[in-house]
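Structure file run01.txt (compact mmCIF, C-alpha atoms) is printed below.
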```txt
# COMPACT_ATOMS: atom_id res chain seq x y z
CA ILE B 1497 63.10 111.21 60.31
CA GLU B 1498 62.48 111.90 56.62
CA ARG B 1499 62.76 108.20 55.77
CA ALA B 1500 60.32 107.30 58.55
CA ILE B 1501 57.85 109.85 57.20
CA ILE B 1502 58.02 108.18 53.77
CA GLY B 1503 57.46 104.81 55.43
CA SER B 1504 58.30 101.25 54.57
CA SER B 1505 58.75 102.00 50.87
CA ALA B 1506 61.68 104.36 51.49
CA SER B 1507 65.06 103.06 50.41
CA GLY B 1508 67.69 102.27 53.01
CA TRP B 1509 65.73 100.10 55.44
CA SER B 1510 66.88 96.59 56.20
CA GLU B 1511 64.34 93.91 55.29
CA HIS B 1512 63.38 93.57 58.96
CA ASP B 1513 63.09 97.31 59.64
CA ALA B 1514 60.97 97.80 56.50
CA ALA B 1515 58.73 94.95 57.70
CA ILE B 1516 58.27 96.65 61.08
CA LEU B 1517 57.15 99.85 59.38
CA ARG B 1518 55.01 97.93 56.88
CA GLY B 1519 53.40 96.05 59.77
CA VAL B 1520 52.42 99.35 61.40
CA GLU B 1521 51.11 100.66 58.09
CA GLU B 1522 49.07 97.49 57.56
CA LEU B 1523 47.64 97.55 61.08
CA LEU B 1524 46.53 101.17 60.66
CA GLU B 1525 45.06 100.56 57.20
CA ASP B 1526 43.78 96.97 57.31
CA PHE B 1527 43.73 96.22 61.06
CA ALA B 1528 45.88 93.15 60.36
CA ILE B 1529 49.45 92.29 59.43
CA SER B 1530 49.77 90.54 56.07
CA ASP B 1531 51.19 87.03 55.82
CA ALA B 1532 54.16 88.36 53.82
CA THR B 1533 55.09 90.91 56.49
CA TRP B 1534 54.41 88.44 59.30
CA ASN B 1535 56.78 85.91 57.69
CA ILE B 1536 59.60 88.45 57.42
CA LEU B 1537 59.22 89.48 61.06
CA ALA B 1538 59.15 85.83 62.13
CA LYS B 1539 62.65 85.36 60.71
CA SER B 1540 64.06 87.52 63.53
CA TRP B 1541 61.46 87.56 66.30
CA ASP B 1542 60.31 84.82 68.65
CA GLU B 1543 56.65 84.08 69.36
CA ALA B 1544 56.43 86.49 72.29
CA GLN B 1545 57.80 89.35 70.20
CA MET B 1546 55.41 88.53 67.38
CA LEU B 1547 52.43 88.66 69.73
CA GLU B 1548 53.64 91.84 71.41
CA PHE B 1549 54.07 93.79 68.17
CA PRO B 1550 50.40 94.40 67.24
CA ALA B 1551 49.59 95.02 70.91
CA MET B 1552 52.34 97.65 71.14
CA VAL B 1553 51.11 99.39 67.99
CA GLY B 1554 47.61 99.38 69.46
CA GLN B 1555 48.87 100.96 72.68
CA TYR B 1556 50.42 103.82 70.72
CA VAL B 1557 47.13 104.33 68.87
CA VAL B 1558 45.23 104.40 72.18
CA THR B 1559 47.71 106.95 73.54
CA ALA B 1560 47.17 109.13 70.44
CA PHE B 1561 43.38 108.85 70.88
CA MET B 1562 43.68 110.02 74.48
CA GLN B 1563 46.11 112.86 73.81
CA ASN B 1564 44.10 114.12 70.86
CA SER B 1565 40.80 113.88 72.75
CA ILE B 1566 42.04 115.84 75.76
CA ARG B 1567 43.79 118.30 73.44
CA ALA B 1568 47.20 117.59 74.96
CA GLY B 1569 49.78 119.68 73.16
CA LEU B 1570 53.48 120.23 73.25
CA GLY B 1571 54.87 122.08 76.21
CA GLU B 1572 55.60 125.78 75.94
CA GLY B 1573 58.69 126.38 73.82
CA ASN B 1574 58.67 122.84 72.37
CA THR B 1575 58.57 123.13 68.59
CA GLY B 1576 58.40 119.37 68.06
CA LEU B 1577 59.47 118.37 64.58
CA SER B 1578 58.46 121.64 62.96
CA LEU B 1579 62.07 122.86 62.72
CA ARG B 1580 63.42 119.77 60.95
```

Kindly present the structure from the file in structure tokens form.
Amino acid sequence: IERAIIGSSASGWSEHDAAILRGVEELLEDFAISDATWNILAKSWDEAQMLEFPAMVGQYVVTAFMQNSIRAGLGEGNTGLSLR
């Protein structure tokens, strides 16, 4: 969890896993995946997976928009990640 919080620059990720995280970071910051990140992902993923990736990230963002807008919180007694 700590490494994921640091993001793609944290040590210990494989090249592919770091590229996944970097792709998410780029989508959230620039609304596009860079050519360098795209090329790393394309080493392991087929065309369908490449097309699905930005769509999947977008779906998670939409879910966050909805949950935040309706003030959805954790269930009673669920501390989430606060006890890590």

Which distance in Å separates CA of Pro1550 (chain B) and CA of Gln1563 (chain B), to one decimal? 20.1 Å

If I take CA of Ser1510 (chain B) and CA of Val1553 (chain B), how far is one from the other in Å, to one decimal? 19.9 Å

To one decimal place, how far is CA of Val1520 (chain B) from CA of Asn1574 (chain B) in Å?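 Separating CA of Val1520 (chain B) from CA of Asn1574 (chain B) is a distance of 26.7 Å.
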
If we count only C-alpha atoms, what is near region 1530-1534 of chain B at a cut-off of 12 Å, once residues fewer than 6 positions away on the same chain are taken out, given as JSON, numbers by chain? {"B": [1504, 1511, 1512, 1513, 1514, 1515, 1516, 1517, 1518, 1519, 1520, 1521, 1522, 1523, 1540, 1541, 1542, 1543, 1545, 1546, 1547, 1549, 1550]}

For region 1519-1530 of chain B, what centre and edge lengths in Å (one decimal) does the axis-aligned box get once 4 Å is added on each side of all its listed atoms, as AutoDock Vina command-line options?
```
--center_x 48.6 --center_y 95.9 --center_z 58.7 --size_x 17.7 --size_y 18.6 --size_z 13.3
```
